[in-house]
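Enquirer: Before I ask anything, let me first share the structure, which is written out below as structure tokens.
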Amino acid sequence: MKPALKWIVPLIFFLTLVACVAGLMPAEGSSFPLVTFRGEAVTIHGRGLYAWDTVSSVAQMQANDFVMLILGLPMLAVSFIMAWRGSLRGRLMLGGVLGFILYTYITMCFGAQYNALFLVYVALFSLSLFAFVLVLMSFDLQELAAHFSEGLPRGWIAGTLFFAAAFLTFAWLGRILPTLDLSPAGWQRGGIRGVPTLENTTSLFIQAMDLAIVVPACVLSGFLLLRRSAWGYLLTSVGLVKFMTLGISVSLMGVNMARVGTADSLPLVATFGGLALVVLWMTILLFRNISEEGSF
């Protein structure tokens, strides 16, 4: 493991713990309605760290805080200890968990309304990004493929990645394309028709991240895995852990949104939940087919 990770990862753990606890901390106040400058009617949470975010956004962020607290941070601690002891599985898991933290705090930097933990989000964005890169740099790609069994169900894992890429693509384009209006009249309104579901954010930042990063990463990982490339094994191992934790988080977001009366599309949430379970099973299969010592 890269020496710098021995102080970066504990710092990430501490700052993430602070962010999660602060996000979940109860506070006094009441929600209130608001019409955004685009004309969208929303309800502002009105209390706590996320006081200026909408009720729907807070339901999602607090669900993510909860998953990070009970799943993400324990996985970070366990994988860090395993990696410190020289475990290949530990380093692969550590990369995936860091990917989950990186994704989370990119969204908090650009999606959450400005609050007292803004600099914490920025620090986590930066630290998890460079820690993620350092973990990827720690692998010997010439020897990595030998640690994976020939019995690894590459086709099933690649198929899961391709399905995830297709699902995200069609789900998000289904939200984006109906809002576009490139007619001369529509161009006077910024090239959109109606109001997309932006809540009180400026743009569809989650969709941008998924379409620009997650979808290509799924497709690339799947193809490289089928070709038995070392990069395929590395990206798939790290990616599955990241997608598993993110899928569980998104599923709980849907449950929490339903609890506060701001439920998203039921088929969308159900598909995310089902996909999270499939990715969990594929992750277990993959890690069962890794040898710590070397060639099978």
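Residue numbering restarts at 1 for every chain of the structure tokens, chains are lettered A, B, ... in their displayed order, and ligands are numbered from 1 as they appear.
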Just want the 12 Å neighbourhood of A:Glu293, counted on only C-alpha atoms, with same-chain residues fewer than 4 positions away dropped. Output as a PyMOL selection string.
Expert: chain A and resi 86-89+143-144+146-148
Enquirer: Find the spatial neighbours of A:Ile70, counting only C-alpha atoms, within a cut-off of 12 Å - ignore same-chain residues fewer than 6 positions away - and output them as a count of residues only.
Expert: 11
Enquirer: Which is closer to A:Leu225 than all the others in A:Ala51, A:Met282, A:Ala145, A:Ala208, using only C-alpha atoms?
Expert: A:Ala145
Enquirer: Check the smallest atom-to-atom distance from each of A:Phe287, A:Trp231, A:Leu224, A:Gly111 to A:Leu204 using only C-alpha atoms, then report the winner.
Expert: A:Gly111
Enquirer: Set the distance at 9 Å and use only C-alpha atoms: which residues neighbour A:Leu49 once local chain neighbours fewer than 5 positions away are removed? I'd like the list as a PyMOL selection string.
Expert: chain A and resi 22-25+27+115-117
Enquirer: May I have the residues from that selection written out with C-alpha atoms, as a CSV table (one decimal), in the first residue's frame?
Expert:
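Written output follows (result-v7.csv):
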chain,number,residue,atom,x,y,z
A,22,ALA,CA,-23.9,16.4,11.2
A,23,GLY,CA,-26.2,15.5,8.4
A,24,LEU,CA,-28.3,13.1,10.6
A,25,MET,CA,-28.4,15.3,13.7
A,27,ALA,CA,-32.8,20.1,14.8
A,115,ASN,CA,-23.8,25.0,4.5
A,116,ALA,CA,-21.3,25.0,7.3
A,117,LEU,CA,-19.6,21.8,6.1
Enquirer: Run DSSP on the backbone and give me the residues of stretch 189-276 of chain A it puts in helix (DSSP H, G or I), as a VMD selection string.
Expert: chain A and resid 205 to 226 230 to 259 266 to 276
Enquirer: Which residues are near stretch 133-135 of chain A? Cut-off 8 Å, only C-alpha atoms, ignore same chain within fewer than 5 positions. Put them as number ranges by chain.
Expert: A: 1-2, 5, 91, 94-95
Enquirer: If we count only C-alpha atoms, what is near A:Leu127 at a cut-off of 9 Å, once residues fewer than 4 positions away on the same chain are taken out, given as an NGL selection string?
Expert: :A and (8-9 or 11-12 or 102 or 122-123 or 131-132)
Enquirer: Between atom CA of A:Gly96 and atom CA of A:Met209, what is the distance in Å, rounded to a tenth?
Expert: 16.7 Å
Enquirer: What's the 9 Å shell around A:Thr160, counting only C-alpha atoms, without same-chain residues fewer than 4 positions away, as a ChimeraX atom specification?
Expert: /A:155-156,164-165,218,222,275,278-279,282
Enquirer: Residues as selected, C-alpha atoms, written as a short mmCIF file (atom, residue, chain, number, x, y, z; two decimals), in the first residue's frame, can you do that?
Expert:
data_model
loop_
_atom_site.label_atom_id
_atom_site.label_comp_id
_atom_site.auth_asym_id
_atom_site.auth_seq_id
_atom_site.Cartn_x
_atom_site.Cartn_y
_atom_site.Cartn_z
CA GLY A 155 -19.83 -13.15 -18.75
CA TRP A 156 -22.38 -12.69 -15.95
CA ALA A 164 -26.31 -1.08 -15.40
CA ALA A 165 -24.90 1.16 -18.14
CA CYS A 218 -19.32 0.19 -16.70
CA GLY A 222 -17.15 -5.08 -18.92
CA LEU A 275 -29.64 -4.09 -9.43
CA VAL A 278 -27.41 -8.48 -8.25
CA VAL A 279 -24.24 -6.39 -7.95
CA MET A 282 -21.54 -10.52 -8.35
#
Enquirer: I'd like the interatomic distance between atom CA of A:Leu177 and atom CA of A:Thr202, to a tenth of an Å.
Expert: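 Taking atom CA of A:Leu177 and atom CA of A:Thr202, their separation equals 17.1 Å.
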Enquirer: Would you mind telling me which residue in A:Gly151, A:Gly39, A:Gly191, A:Gly99 lies nearest to A:Asn289 when using only C-alpha atoms?
Expert: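 Checking each candidate against A:Asn289, we get A:Gly151 as the closest.
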Enquirer: Please measure the separation of atom CA of A:Leu141 and atom CA of A:Arg227, giving the value in Å to one decimal.
Expert: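 We find that atom CA of A:Leu141 and atom CA of A:Arg227 lie 14.4 Å from each other.
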